[in-house]
>>> print(open('target-v3.pdb').read())   # PDB, C-alpha atoms, pLDDT in the B column
MODEL        1
ATOM      1  CA  MET K  30     -51.424 157.729 114.198  1.00 49.00           C
ATOM      2  CA  GLU K  31     -48.519 159.121 112.161  1.00 54.00           C
ATOM      3  CA  ALA K  32     -45.314 157.074 112.090  1.00 58.00           C
ATOM      4  CA  SER K  33     -41.952 158.585 113.024  1.00 67.00           C
ATOM      5  CA  GLU K  34     -39.242 159.216 110.442  1.00 68.00           C
ATOM      6  CA  GLY K  35     -37.354 156.171 111.756  1.00 69.00           C
ATOM      7  CA  ALA K  36     -40.432 153.994 111.415  1.00 74.00           C
ATOM      8  CA  MET K  37     -41.010 155.160 107.847  1.00 79.00           C
ATOM      9  CA  LYS K  38     -37.449 154.213 106.905  1.00 80.00           C
ATOM     10  CA  ALA K  39     -37.895 150.837 108.606  1.00 83.00           C
ATOM     11  CA  ARG K  40     -41.119 150.293 106.646  1.00 86.00           C
ATOM     12  CA  GLN K  41     -39.245 150.657 103.375  1.00 88.00           C
ATOM     13  CA  VAL K  42     -36.477 148.289 104.513  1.00 87.00           C
ATOM     14  CA  TRP K  43     -38.821 145.566 105.738  1.00 89.00           C
ATOM     15  CA  ASP K  44     -41.259 145.856 102.851  1.00 90.00           C
ATOM     16  CA  ARG K  45     -38.334 145.054 100.543  1.00 92.00           C
ATOM     17  CA  ALA K  46     -37.166 142.207 102.779  1.00 89.00           C
ATOM     18  CA  ALA K  47     -40.593 140.624 103.300  1.00 92.00           C
ATOM     19  CA  PRO K  48     -40.719 138.217 100.303  1.00 93.00           C
ATOM     20  CA  GLY K  49     -37.506 136.436 101.318  1.00 94.00           C
ATOM     21  CA  TYR K  50     -37.582 136.990 105.064  1.00 94.00           C
ATOM     22  CA  ASP K  51     -38.934 133.615 106.170  1.00 95.00           C
ATOM     23  CA  ARG K  52     -36.413 131.741 104.044  1.00 93.00           C
ATOM     24  CA  GLN K  53     -33.495 133.802 105.368  1.00 91.00           C
ATOM     25  CA  ILE K  54     -34.492 133.768 109.039  1.00 93.00           C
ATOM     26  CA  ALA K  55     -35.180 130.009 109.046  1.00 91.00           C
ATOM     27  CA  PHE K  56     -31.441 129.266 108.711  1.00 90.00           C
ATOM     28  CA  LEU K  57     -30.537 131.658 111.531  1.00 91.00           C
ATOM     29  CA  GLU K  58     -33.264 130.260 113.770  1.00 92.00           C
ATOM     30  CA  ARG K  59     -31.891 126.771 113.292  1.00 91.00           C
ATOM     31  CA  PHE K  60     -28.314 127.628 114.247  1.00 89.00           C
ATOM     32  CA  TRP K  61     -28.305 130.923 116.193  1.00 94.00           C
ATOM     33  CA  PHE K  62     -31.781 131.844 117.418  1.00 94.00           C
ATOM     34  CA  SER K  63     -32.966 128.315 118.260  1.00 94.00           C
ATOM     35  CA  GLY K  64     -35.462 127.999 121.098  1.00 93.00           C
ATOM     36  CA  GLY K  65     -36.104 131.720 121.520  1.00 95.00           C
ATOM     37  CA  ARG K  66     -39.666 131.799 120.246  1.00 96.00           C
ATOM     38  CA  GLU K  67     -40.540 128.680 122.204  1.00 96.00           C
ATOM     39  CA  TRP K  68     -39.176 130.380 125.355  1.00 97.00           C
ATOM     40  CA  LEU K  69     -41.523 133.318 124.778  1.00 97.00           C
ATOM     41  CA  GLY K  70     -44.502 131.076 124.072  1.00 96.00           C
ATOM     42  CA  THR K  71     -44.228 129.049 127.270  1.00 96.00           C
ATOM     43  CA  ARG K  72     -44.394 132.260 129.344  1.00 96.00           C
ATOM     44  CA  ALA K  73     -47.028 134.290 127.479  1.00 96.00           C
ATOM     45  CA  GLU K  74     -50.526 134.297 128.951  1.00 95.00           C
ATOM     46  CA  GLY K  75     -53.806 136.174 128.757  1.00 96.00           C
ATOM     47  CA  ARG K  76     -54.188 139.046 126.306  1.00 97.00           C
ATOM     48  CA  VAL K  77     -50.994 139.039 124.236  1.00 98.00           C
ATOM     49  CA  LEU K  78     -49.459 141.799 122.110  1.00 98.00           C
ATOM     50  CA  ASP K  79     -46.584 140.968 119.744  1.00 98.00           C
ATOM     51  CA  VAL K  80     -44.540 144.116 119.028  1.00 98.00           C
ATOM     52  CA  GLY K  81     -42.693 143.774 115.735  1.00 97.00           C
ATOM     53  CA  VAL K  82     -44.822 140.802 114.725  1.00 98.00           C
ATOM     54  CA  GLY K  83     -43.152 140.655 111.305  1.00 96.00           C
ATOM     55  CA  THR K  84     -44.338 137.674 109.276  1.00 97.00           C
ATOM     56  CA  GLY K  85     -45.981 136.134 112.345  1.00 97.00           C
ATOM     57  CA  ARG K  86     -43.311 133.608 113.226  1.00 97.00           C
ATOM     58  CA  ASN K  87     -44.265 133.805 116.932  1.00 97.00           C
ATOM     59  CA  LEU K  88     -47.895 132.855 116.256  1.00 97.00           C
ATOM     60  CA  PRO K  89     -47.453 129.058 116.418  1.00 95.00           C
ATOM     61  CA  TYR K  90     -45.948 129.414 119.901  1.00 96.00           C
ATOM     62  CA  LEU K  91     -48.642 131.680 121.382  1.00 95.00           C
ATOM     63  CA  ALA K  92     -51.347 129.035 121.527  1.00 87.00           C
ATOM     64  CA  ALA K  93     -52.347 129.974 125.088  1.00 84.00           C
ATOM     65  CA  ALA K  94     -53.609 133.381 123.919  1.00 87.00           C
ATOM     66  CA  PRO K  95     -57.256 133.371 122.784  1.00 89.00           C
ATOM     67  CA  VAL K  96     -56.464 136.240 120.391  1.00 88.00           C
ATOM     68  CA  VAL K  97     -53.011 137.583 119.524  1.00 94.00           C
ATOM     69  CA  SER K  98     -52.684 141.267 118.747  1.00 98.00           C
ATOM     70  CA  GLY K  99     -49.643 142.401 116.810  1.00 98.00           C
ATOM     71  CA  VAL K 100     -48.080 145.496 115.295  1.00 98.00           C
ATOM     72  CA  ASP K 101     -45.462 146.049 112.641  1.00 97.00           C
ATOM     73  CA  VAL K 102     -44.361 149.001 110.502  1.00 95.00           C
ATOM     74  CA  SER K 103     -44.291 146.907 107.310  1.00 96.00           C
ATOM     75  CA  PRO K 104     -47.529 146.238 105.425  1.00 97.00           C
ATOM     76  CA  ALA K 105     -45.761 143.577 103.370  1.00 97.00           C
ATOM     77  CA  MET K 106     -44.657 141.691 106.497  1.00 97.00           C
ATOM     78  CA  LEU K 107     -48.149 142.013 107.980  1.00 98.00           C
ATOM     79  CA  ALA K 108     -49.729 140.525 104.861  1.00 97.00           C
ATOM     80  CA  ILE K 109     -47.646 137.391 105.368  1.00 98.00           C
ATOM     81  CA  ALA K 110     -48.477 137.340 109.089  1.00 98.00           C
ATOM     82  CA  ARG K 111     -52.203 137.541 108.356  1.00 97.00           C
ATOM     83  CA  GLN K 112     -51.925 134.629 105.963  1.00 97.00           C
ATOM     84  CA  ARG K 113     -49.967 132.646 108.554  1.00 97.00           C
ATOM     85  CA  ALA K 114     -52.650 133.331 111.184  1.00 96.00           C
ATOM     86  CA  ALA K 115     -55.345 132.190 108.732  1.00 96.00           C
ATOM     87  CA  ASP K 116     -53.409 129.021 107.927  1.00 96.00           C
ATOM     88  CA  LEU K 117     -53.080 128.278 111.652  1.00 95.00           C
ATOM     89  CA  GLY K 118     -56.743 129.064 112.296  1.00 93.00           C
ATOM     90  CA  ARG K 119     -55.648 131.623 114.899  1.00 90.00           C
ATOM     91  CA  PRO K 120     -57.699 134.761 115.585  1.00 91.00           C
ATOM     92  CA  ALA K 121     -55.289 137.704 115.299  1.00 95.00           C
ATOM     93  CA  ASP K 122     -55.633 141.488 115.335  1.00 96.00           C
ATOM     94  CA  LEU K 123     -52.627 142.624 113.291  1.00 98.00           C
ATOM     95  CA  ARG K 124     -52.120 146.348 112.687  1.00 97.00           C
ATOM     96  CA  GLU K 125     -49.644 148.614 110.949  1.00 96.00           C
ATOM     97  CA  ALA K 126     -48.107 150.794 113.678  1.00 96.00           C
ATOM     98  CA  ASP K 127     -44.916 152.326 115.025  1.00 94.00           C
ATOM     99  CA  ALA K 128     -43.665 150.489 118.139  1.00 95.00           C
ATOM    100  CA  ALA K 129     -43.021 153.888 119.734  1.00 94.00           C
ATOM    101  CA  ARG K 130     -46.685 154.895 119.237  1.00 95.00           C
ATOM    102  CA  LEU K 131     -48.827 151.854 119.940  1.00 97.00           C
ATOM    103  CA  PRO K 132     -52.517 152.192 118.975  1.00 97.00           C
ATOM    104  CA  PHE K 133     -53.902 150.644 122.165  1.00 98.00           C
ATOM    105  CA  ALA K 134     -55.312 151.972 125.415  1.00 98.00           C
ATOM    106  CA  ASP K 135     -53.387 151.890 128.680  1.00 98.00           C
ATOM    107  CA  GLY K 136     -53.392 148.489 130.372  1.00 97.00           C
ATOM    108  CA  SER K 137     -54.812 146.614 127.371  1.00 97.00           C
ATOM    109  CA  PHE K 138     -52.612 143.493 127.644  1.00 98.00           C
ATOM    110  CA  ASP K 139     -51.451 140.871 130.119  1.00 97.00           C
ATOM    111  CA  THR K 140     -48.320 140.002 128.121  1.00 98.00           C
ATOM    112  CA  VAL K 141     -46.199 141.882 125.618  1.00 98.00           C
ATOM    113  CA  VAL K 142     -43.711 139.866 123.577  1.00 98.00           C
ATOM    114  CA  SER K 143     -41.071 141.106 121.158  1.00 98.00           C
ATOM    115  CA  ALA K 144     -38.729 138.844 119.204  1.00 97.00           C
ATOM    116  CA  LEU K 145     -35.750 140.077 117.176  1.00 96.00           C
ATOM    117  CA  SER K 146     -37.323 143.518 116.872  1.00 95.00           C
ATOM    118  CA  LEU K 147     -35.803 145.953 119.373  1.00 96.00           C
ATOM    119  CA  CYS K 148     -32.472 145.524 117.571  1.00 95.00           C
ATOM    120  CA  ALA K 149     -34.018 147.371 114.605  1.00 93.00           C
ATOM    121  CA  ILE K 150     -36.542 149.729 116.224  1.00 93.00           C
ATOM    122  CA  ALA K 151     -35.337 153.314 115.819  1.00 90.00           C
ATOM    123  CA  ASP K 152     -36.175 154.382 119.393  1.00 94.00           C
ATOM    124  CA  PRO K 153     -36.058 151.336 121.685  1.00 96.00           C
ATOM    125  CA  ARG K 154     -36.463 153.445 124.831  1.00 97.00           C
ATOM    126  CA  ALA K 155     -39.761 154.881 123.545  1.00 97.00           C
ATOM    127  CA  ALA K 156     -40.901 151.434 122.416  1.00 97.00           C
ATOM    128  CA  ILE K 157     -40.263 149.936 125.854  1.00 98.00           C
ATOM    129  CA  ALA K 158     -42.102 152.850 127.482  1.00 98.00           C
ATOM    130  CA  GLU K 159     -45.065 152.065 125.227  1.00 98.00           C
ATOM    131  CA  MET K 160     -44.880 148.379 126.176  1.00 98.00           C
ATOM    132  CA  TRP K 161     -45.110 149.469 129.813  1.00 98.00           C
ATOM    133  CA  ARG K 162     -48.090 151.713 129.065  1.00 98.00           C
ATOM    134  CA  VAL K 163     -50.181 149.066 127.301  1.00 98.00           C
ATOM    135  CA  LEU K 164     -49.428 146.387 129.901  1.00 98.00           C
ATOM    136  CA  ALA K 165     -51.834 145.959 132.787  1.00 97.00           C
ATOM    137  CA  PRO K 166     -50.215 146.284 136.233  1.00 97.00           C
ATOM    138  CA  GLY K 167     -48.623 142.914 136.983  1.00 97.00           C
ATOM    139  CA  GLY K 168     -48.349 142.152 133.261  1.00 98.00           C
ATOM    140  CA  ARG K 169     -45.411 140.350 131.659  1.00 98.00           C
ATOM    141  CA  LEU K 170     -42.792 141.669 129.250  1.00 98.00           C
ATOM    142  CA  LEU K 171     -41.007 138.925 127.288  1.00 98.00           C
ATOM    143  CA  LEU K 172     -38.088 139.835 125.015  1.00 98.00           C
ATOM    144  CA  PHE K 173     -35.898 137.734 122.728  1.00 97.00           C
ATOM    145  CA  ASP K 174     -33.185 139.510 120.760  1.00 97.00           C
ATOM    146  CA  HIS K 175     -29.595 139.533 119.617  1.00 96.00           C
ATOM    147  CA  VAL K 176     -27.446 141.846 121.719  1.00 97.00           C
ATOM    148  CA  ALA K 177     -23.844 142.899 122.282  1.00 97.00           C
ATOM    149  CA  SER K 178     -21.675 139.841 122.915  1.00 97.00           C
ATOM    150  CA  THR K 179     -19.950 139.222 126.238  1.00 95.00           C
ATOM    151  CA  TRP K 180     -16.883 137.964 124.319  1.00 96.00           C
ATOM    152  CA  PRO K 181     -14.662 140.824 123.035  1.00 97.00           C
ATOM    153  CA  PRO K 182     -13.656 139.199 119.709  1.00 97.00           C
ATOM    154  CA  VAL K 183     -17.319 138.616 118.826  1.00 97.00           C
ATOM    155  CA  TYR K 184     -18.253 142.112 119.966  1.00 97.00           C
ATOM    156  CA  ALA K 185     -15.586 143.507 117.637  1.00 98.00           C
ATOM    157  CA  VAL K 186     -17.136 141.643 114.708  1.00 97.00           C
ATOM    158  CA  GLN K 187     -20.585 142.922 115.679  1.00 97.00           C
ATOM    159  CA  TRP K 188     -19.255 146.487 115.760  1.00 98.00           C
ATOM    160  CA  LEU K 189     -17.804 146.092 112.283  1.00 98.00           C
ATOM    161  CA  ILE K 190     -21.064 144.645 110.917  1.00 97.00           C
ATOM    162  CA  GLU K 191     -22.914 147.681 112.278  1.00 97.00           C
ATOM    163  CA  ARG K 192     -20.886 149.981 110.027  1.00 97.00           C
ATOM    164  CA  ILE K 193     -23.006 148.498 107.205  1.00 96.00           C
ATOM    165  CA  SER K 194     -26.169 147.255 108.940  1.00 94.00           C
ATOM    166  CA  ILE K 195     -27.146 150.474 110.732  1.00 94.00           C
ATOM    167  CA  PRO K 196     -27.039 152.825 107.719  1.00 92.00           C
ATOM    168  CA  GLY K 197     -28.458 150.161 105.412  1.00 89.00           C
ATOM    169  CA  ALA K 198     -31.245 148.637 107.489  1.00 88.00           C
ATOM    170  CA  GLY K 199     -31.239 150.248 110.947  1.00 91.00           C
ATOM    171  CA  GLU K 200     -30.064 146.908 112.378  1.00 93.00           C
ATOM    172  CA  HIS K 201     -28.029 147.113 115.612  1.00 96.00           C
ATOM    173  CA  PHE K 202     -25.791 144.344 116.933  1.00 96.00           C
ATOM    174  CA  THR K 203     -24.204 146.045 119.966  1.00 96.00           C
ATOM    175  CA  ARG K 204     -27.408 147.171 121.684  1.00 96.00           C
ATOM    176  CA  ARG K 205     -28.631 145.647 124.908  1.00 95.00           C
ATOM    177  CA  GLN K 206     -32.251 146.125 125.914  1.00 96.00           C
ATOM    178  CA  LEU K 207     -32.032 145.016 129.565  1.00 97.00           C
ATOM    179  CA  PRO K 208     -30.811 148.390 130.942  1.00 97.00           C
ATOM    180  CA  LEU K 209     -33.693 150.135 129.147  1.00 97.00           C
ATOM    181  CA  VAL K 210     -36.176 147.657 130.611  1.00 98.00           C
ATOM    182  CA  ARG K 211     -34.865 148.348 134.119  1.00 97.00           C
ATOM    183  CA  ALA K 212     -34.884 152.112 133.545  1.00 97.00           C
ATOM    184  CA  ALA K 213     -38.520 151.963 132.450  1.00 97.00           C
ATOM    185  CA  GLY K 214     -39.477 150.607 135.881  1.00 96.00           C
ATOM    186  CA  PHE K 215     -39.928 146.912 135.119  1.00 98.00           C
ATOM    187  CA  GLU K 216     -38.999 144.280 137.680  1.00 97.00           C
ATOM    188  CA  ILE K 217     -36.714 141.622 136.183  1.00 98.00           C
ATOM    189  CA  VAL K 218     -37.864 138.045 136.792  1.00 98.00           C
ATOM    190  CA  THR K 219     -35.161 136.255 134.828  1.00 97.00           C
ATOM    191  CA  THR K 220     -32.651 136.767 132.046  1.00 97.00           C
ATOM    192  CA  VAL K 221     -30.811 134.209 129.922  1.00 97.00           C
ATOM    193  CA  ARG K 222     -27.717 134.793 127.755  1.00 96.00           C
ATOM    194  CA  ARG K 223     -26.748 132.355 124.979  1.00 95.00           C
ATOM    195  CA  LYS K 224     -24.325 132.019 122.070  1.00 95.00           C
ATOM    196  CA  ALA K 225     -21.340 133.904 123.528  1.00 94.00           C
ATOM    197  CA  GLY K 226     -23.808 136.356 125.039  1.00 96.00           C
ATOM    198  CA  THR K 227     -25.147 137.415 121.634  1.00 96.00           C
ATOM    199  CA  ILE K 228     -28.681 136.240 122.453  1.00 97.00           C
ATOM    200  CA  GLU K 229     -30.624 137.524 125.456  1.00 97.00           C
ATOM    201  CA  LEU K 230     -34.012 136.448 126.755  1.00 98.00           C
ATOM    202  CA  VAL K 231     -35.729 138.726 129.284  1.00 98.00           C
ATOM    203  CA  HIS K 232     -38.777 138.052 131.440  1.00 98.00           C
ATOM    204  CA  ALA K 233     -39.891 141.156 133.361  1.00 98.00           C
ATOM    205  CA  ILE K 234     -43.112 142.381 134.929  1.00 98.00           C
ATOM    206  CA  ARG K 235     -44.773 145.741 135.271  1.00 98.00           C
ATOM    207  CA  PRO K 236     -45.163 146.069 139.037  1.00 96.00           C
ATOM    208  CA  PRO K 237     -48.755 146.034 140.288  1.00 90.00           C
ATOM    209  CA  GLN K 238     -48.303 149.636 141.435  1.00 74.00           C
ATOM    210  CA  GLY K 239     -45.887 152.388 140.558  1.00 50.00           C
ATOM    211  CA  MET K 240     -45.086 154.900 137.901  1.00 46.00           C
ATOM    212  CA  LEU K 241     -43.043 154.758 134.728  1.00 45.00           C
ATOM    213  CA  GLY K 242     -39.326 155.167 135.343  1.00 43.00           C
ATOM    214  CA  ALA K 243     -37.054 157.646 133.653  1.00 36.00           C
TER
ENDMDL
END
>>> encode(input="target-v3.pdb", output="structure tokens")
Amino acid sequence: MEASEGAMKARQVWDRAAPGYDRQIAFLERFWFSGGREWLGTRAEGRVLDVGVGTGRNLPYLAAAPVVSGVDVSPAMLAIARQRAADLGRPADLREADAARLPFADGSFDTVVSALSLCAIADPRAAIAEMWRVLAPGGRLLLFDHVASTWPPVYAVQWLIERISIPGAGEHFTRRQLPLVRAAGFEIVTTVRRKAGTIELVHAIRPPQGMLGA
């Protein structure tokens, strides 16, 4: 399945970042992103797909899943994720793929998780529509990401950072995924905002019946 132009650009960015990614993200996870992956892990169940699996940093927290499937646009990130899965002794089906064009059949998963990924996916609306498609009716969508702050001074700083981060790496700081999740037809179970509203955790479900929203 051919990747989009946005996904190809993201592949180049994340292939370059892969060797130092774990070292860089570890600091942020200690002071800004703390607890997010654990929050996902305690809610994931059944057949789990990790969209934007990266270097596999969610894998230790998805112990309830017999096999974790995952996709990422970066082969270099996936190589690290595969090694992490092997080190953990975790069966994992990790594939190179565009989040907007997932290589799975309709209704393949009971849970889809995505951590710190929709902020950098070129077409988040299409990615969320694909998450809906591959979820079984009644399945769970679990998101953890940085989003636009609820505090205007912080939002202003985020906007300024985007002048560099979007052209350089496709990284958005003033996005918010929750409206897209609602528009796709998901039912919201719970949301949590942290760190001056810059972190949002979303637990939603694909209703047992119904069609994809606009």
>>> residues_around(input="target-v3.pdb", residues="K:Ile195", least_positions_apart="5", cutoff="12 Å", atoms="only C-alpha atoms", output="PyMOL selection string")
chain K and resi 35+38-39+42+148-151+187-190+200-204
>>> residues_around(input="target-v3.pdb", residues="K:Gly85", least_positions_apart="6", cutoff="9 Å", atoms="all atoms listed in the file", output="JSON, numbers by chain")
{"K": [79, 99, 106, 107, 109, 110, 111, 112, 113, 114]}
>>> residues_near_point(input="target-v3.pdb", point="(-49.5, 151.9, 111.8)", cutoff="10 Å", atoms="all atoms listed in the file", output="JSON, numbers by chain")
{"K": [30, 31, 32, 36, 37, 40, 100, 101, 102, 103, 104, 123, 124, 125, 126, 127, 128, 130, 131, 132]}
>>> atom_distance(input="target-v3.pdb", atom1="atom CA of K:Gly49", atom2="atom CA of K:Ser63")
19.3 Å
>>> axis_aligned_box(input="target-v3.pdb", around="stretch 192-205 of chain K", padding_each_side="5 Å", output="AutoDock Vina command-line options")
--center_x -26.1 --center_y 148.6 --center_z 115.2 --size_x 20.4 --size_y 18.5 --size_z 29.5
>>> closest_residue(input="target-v3.pdb", among="K:Leu88, K:Val163, K:Val186, K:Phe60", to="K:Asp116", atoms="all atoms listed in the file")
K:Leu88
>>> resolve_selection(input="target-v3.pdb", expression="the PyMOL selection byres ((chain K and resi 232) around 8)", output="MDAnalysis selection string")
chainID K and resid 169:172 217:220 230:231 233:234
>>> closest_residue(input="target-v3.pdb", among="K:Gln41, K:Ser194, K:Ser143, K:Thr84", to="K:Trp68", atoms="all atoms listed in the file")
K:Ser143
>>> atom_distance(input="target-v3.pdb", atom1="atom CA of K:Ala158", atom2="atom CA of K:Ser146")
14.9 Å
>>> atom_distance(input="target-v3.pdb", atom1="atom CA of K:Leu207", atom2="atom CA of K:Arg222")
11.2 Å
>>> residues_near_point(input="target-v3.pdb", point="(-54.0, 132.3, 125.9)", cutoff="12 Å", atoms="only C-alpha atoms", output="short mmCIF file (atom, residue, chain, number, x, y, z; two decimals) with C-alpha atoms, in the coordinates of the input")
data_model
loop_
_atom_site.label_atom_id
_atom_site.label_comp_id
_atom_site.auth_asym_id
_atom_site.auth_seq_id
_atom_site.Cartn_x
_atom_site.Cartn_y
_atom_site.Cartn_z
CA GLY K 70 -44.50 131.08 124.07
CA THR K 71 -44.23 129.05 127.27
CA ARG K 72 -44.39 132.26 129.34
CA ALA K 73 -47.03 134.29 127.48
CA GLU K 74 -50.53 134.30 128.95
CA GLY K 75 -53.81 136.17 128.76
CA ARG K 76 -54.19 139.05 126.31
CA VAL K 77 -50.99 139.04 124.24
CA LEU K 78 -49.46 141.80 122.11
CA LEU K 88 -47.90 132.85 116.26
CA PRO K 89 -47.45 129.06 116.42
CA TYR K 90 -45.95 129.41 119.90
CA LEU K 91 -48.64 131.68 121.38
CA ALA K 92 -51.35 129.04 121.53
CA ALA K 93 -52.35 129.97 125.09
CA ALA K 94 -53.61 133.38 123.92
CA PRO K 95 -57.26 133.37 122.78
CA VAL K 96 -56.46 136.24 120.39
CA VAL K 97 -53.01 137.58 119.52
CA SER K 98 -52.68 141.27 118.75
CA ARG K 119 -55.65 131.62 114.90
CA PRO K 120 -57.70 134.76 115.58
CA ALA K 121 -55.29 137.70 115.30
CA PHE K 138 -52.61 143.49 127.64
CA ASP K 139 -51.45 140.87 130.12
CA THR K 140 -48.32 140.00 128.12
#
>>> closest_residue(input="target-v3.pdb", among="K:Ala155, K:Ala47, K:Val221, K:Ala115", to="K:Asp174", atoms="all atoms listed in the file")
K:Val221
>>> closest_residue(input="target-v3.pdb", among="K:Phe173, K:Gln238, K:Trp61, K:Ser178", to="K:Asn87", atoms="only C-alpha atoms")
K:Phe173
>>> closest_residue(input="target-v3.pdb", among="K:Ala46, K:Ile54, K:Leu164, K:Ile193", to="K:Gly136", atoms="all atoms listed in the file")
K:Leu164
>>> residues_around(input="target-v3.pdb", residues="K:Pro236", least_positions_apart="6", cutoff="10 Å", atoms="only C-alpha atoms", output="list in words")
Trp161, Ala165, Pro166, Gly167, Gly168, Arg169, Gly214, Phe215, Glu216 and Ile217 of chain K
>>> resolve_selection(input="target-v3.pdb", expression="the PyMOL selection byres ((chain K and resi 224) around 10)", output="JSON, numbers by chain")
{"K": [60, 61, 62, 175, 178, 179, 180, 222, 223, 225, 226, 227, 228, 229]}
>>> closest_residue(input="target-v3.pdb", among="K:Asp135, K:Glu67, K:Asp44, K:Asp152", to="K:Arg86", atoms="only C-alpha atoms")
K:Glu67
